[in-house]
Amino acid sequence: MSRPVVAVVGRPNVGKSTLFNALAGERISIVKDTPGVTRDRIYADVTWLDKQFTMVDTGGIEPESRDMMLTYMREQAQIAIDTADVIVFVTDVRQGLVDADGKVADLLRRSGKPVILAVNKVDSFEKFMPDVYEFYNLGIGDPIPVSAASMLGFGDLLDAVVAHFSPGAAQETEDERPRVAVVGKPNVGKSSIINRLLGENRVIVSDIAGTTRDAVDTAVTWQDREYVFIDTAGLRRKSRIKEELERFSIIRTVSAVERADVVVVVIDAAEGVTEQDAKIAGIAHERGKGIIIAVNKWDSIEKDDKTINRHTEKIKEILSFIPYAEILFISAKTGQRITKLFDLIEVVIQNRSLRIQTGVLNEILMEATALQQPPSDKGKRLRLYYITQVAVKPPTFVIFVNDKELMHYSYTRYVENKIREAFGFSGTSLKFIIRERKENA
């Protein structure tokens with residue numbers, strides 16, 4: 001099921017980031033860093049009661065500012081608004097209702113999205129509630145008093161947010177067609193790849209209605225099999241504020257990856273893998289998606305008989321946290337190996353749905369523990385009793401052990417490698433859940 005996207009917007013200095021960080025890090029969400037990847041905290045996965053969603057932080061909106069940075073922040077906030085299913089509009093009770101709040105409210109009203117009005121910095125309900133009522137004048141619903149600093153009012157705020165989630169949201173993913181997100185930095189050729197697939201292969205094309213995301217869904221038929229490609233291109237601004245551009249391009253990527261089965265991470269062959277590429281690949285990895293690394297503009301590289309090997313080694317070195325990813329060298333310009341993408345997509349889809357019999361898994365586990373003894377600590381040795389597969393997409397395994405604390409990450413990776421040696425699972429991550437079972441159980 002795709003997670004809804006919730007954007008946190010408002011004027012500068014009303015406490016948006018404080019609220020975002022409190023909701024994401026302090027109370028209700030566990031945020032994990034992907035090994036080897038540093039990432040801006042522009043988004044976070046949040047769980048409230050039985051609902052999960054992705055929350056997006058934005059720069060402050062200054063409706064009429066001509067300052068270059070503030071104008072750019074306004075543009076990026078608009079991207080977040082277009083991407084979101086629900087918007088949290090943050091205001092400041094201490095500053096009171098100002099003209100700029102009304103202009104932001106008009107902008108949000110035009111979006112047609114559900115808007116939750118949060119009045120921040122209400123550290124004392126008794127003291128500030130008369131001032132909160134002033135925000136009814138914005139005409140966008142009941143103001144909800146909160147204090148990001150004191151963590152007050154979060155329950156009411158989150159209840160209001162999740163009340164707008166569609167009960168039919170899960171049906172969006174019941175479409176049987178494989179969904180492929182084409183992601184990457186601006187100008188690496190994402191749209192060119194899809195256009196080449198459309199133009200060269202005489203496929204049936206139709207725009208898919210009903211998506212509110214800021215990405216374009218296109219149906220592509222290849223050898224009687226229909227795929228839905230999610231193109232995240234379009235974030236091409238003339239602004240030279242490169243760091244901000246890269247930071248906010250993550251917003252589109254998160255939304256597209258959420259809805260995809262397979263993620264094609266497009267890399268510029270001449271530039272090689274960048275930190276931004278690693279961030280994007282990390283998003284796909286932590287969400288358990290199938291991953292293909294497409295190295296585009298391969299026609300522009302001078303080559304010898306070892307060029308592909310050198311590039312492959314470099315990619316694997318930088319993206320060491322996804323050693324399972326498939327790598328393909330292509331050229332959208334010439335069409336070189338472009339249709340090979342479909343073959344790899346099929347391989348990855350099959351591997352994400354692969355189920356292994358419990359008996360076979362336990363044979364692999366026994367052999368693995370015999371070849372490399374499990375670790376011990378203070379005289380107590382890890383014992384692995386049993387392994388079973390409990391889910392697919394991605395393949396998910398539960399390992400029962402005597403002590404979870406002894407099951408180091410490195411030994412889990414060792415067991416994963418043994419399973420991959422037997423069954424491949426190329427292109428897909430594997431998820432492991434460690435369960436403790438008493439020795440006399």
# chains A, B, ... in the order shown; residues from 1 in each chain; ligands from 1
call {"tool": "select_by_dssp", "arguments": {"residues": "stretch 71-198 of chain A", "states": "helix (DSSP H, G or I)", "output": "ChimeraX atom specification"}}
result
/A:71-83,99-111,125-138,154-162,169-174,190-198
call {"tool": "residues_around", "arguments": {"residues": "stretch 337-346 of chain A", "least_positions_apart": "6", "cutoff": "9 Å", "atoms": "only C-alpha atoms", "output": "PDB file with C-alpha atoms, in the first residue's frame"}}
result
ATOM      1  CA  PRO A 178       4.113  -3.567 -12.751  1.00  0.00           C
ATOM      2  CA  VAL A 180       8.349   1.302 -12.582  1.00  0.00           C
ATOM      3  CA  ILE A 193      14.588   7.025 -21.606  1.00  0.00           C
ATOM      4  CA  ARG A 196      12.769   6.320 -26.383  1.00  0.00           C
ATOM      5  CA  LEU A 197      10.782   3.372 -25.032  1.00  0.00           C
ATOM      6  CA  ASN A 201       8.793   0.243 -29.764  1.00  0.00           C
ATOM      7  CA  TRP A 222       6.169  -4.434 -24.415  1.00  0.00           C
ATOM      8  CA  VAL A 262      10.789  -1.472  -9.373  1.00  0.00           C
ATOM      9  CA  VAL A 264      15.239   2.552 -12.103  1.00  0.00           C
ATOM     10  CA  GLY A 290      13.451  -3.639  -6.675  1.00  0.00           C
ATOM     11  CA  ILE A 291      16.423  -1.604  -7.919  1.00  0.00           C
ATOM     12  CA  ILE A 292      18.039  -1.273 -11.344  1.00  0.00           C
ATOM     13  CA  ALA A 294      20.691   2.518 -15.417  1.00  0.00           C
ATOM     14  CA  GLU A 326      21.146  -4.832 -11.308  1.00  0.00           C
ATOM     15  CA  LEU A 328      22.660  -1.707 -17.073  1.00  0.00           C
ATOM     16  CA  PHE A 329      24.648   0.584 -19.398  1.00  0.00           C
ATOM     17  CA  ILE A 330      22.348   2.341 -21.857  1.00  0.00           C
ATOM     18  CA  SER A 331      21.945   5.309 -24.175  1.00  0.00           C
ATOM     19  CA  GLY A 427      17.585  -6.763  -7.973  1.00  0.00           C
TER      20      GLY A 427
END
call {"tool": "residues_around", "arguments": {"residues": "A:Val14", "least_positions_apart": "5", "cutoff": "8 Å", "atoms": "only C-alpha atoms", "output": "ChimeraX atom specification"}}
result
/A:90-92,120
call {"tool": "atom_distance", "arguments": {"atom1": "atom CA of A:Asp159", "atom2": "atom CA of A:Val119"}}
result
15.3 Å
call {"tool": "closest_residue", "arguments": {"among": "A:Ala332, A:Leu361, A:Val146, A:Val122", "to": "A:Ser191", "atoms": "only C-alpha atoms"}}
result
A:Ala332
call {"tool": "residues_around", "arguments": {"residues": "A:Tyr227", "least_positions_apart": "6", "cutoff": "7 Å", "atoms": "only C-alpha atoms", "output": "VMD selection string"}}
result
chain A and resid 177 to 179 219 to 221
call {"tool": "atom_distance", "arguments": {"atom1": "atom CA of A:Val265", "atom2": "atom CA of A:Asn187"}}
result
12.8 Å
call {"tool": "closest_residue", "arguments": {"among": "A:Thr412, A:Asn137, A:Thr428, A:Ser376", "to": "A:Pro394", "atoms": "only C-alpha atoms"}}
result
A:Thr428
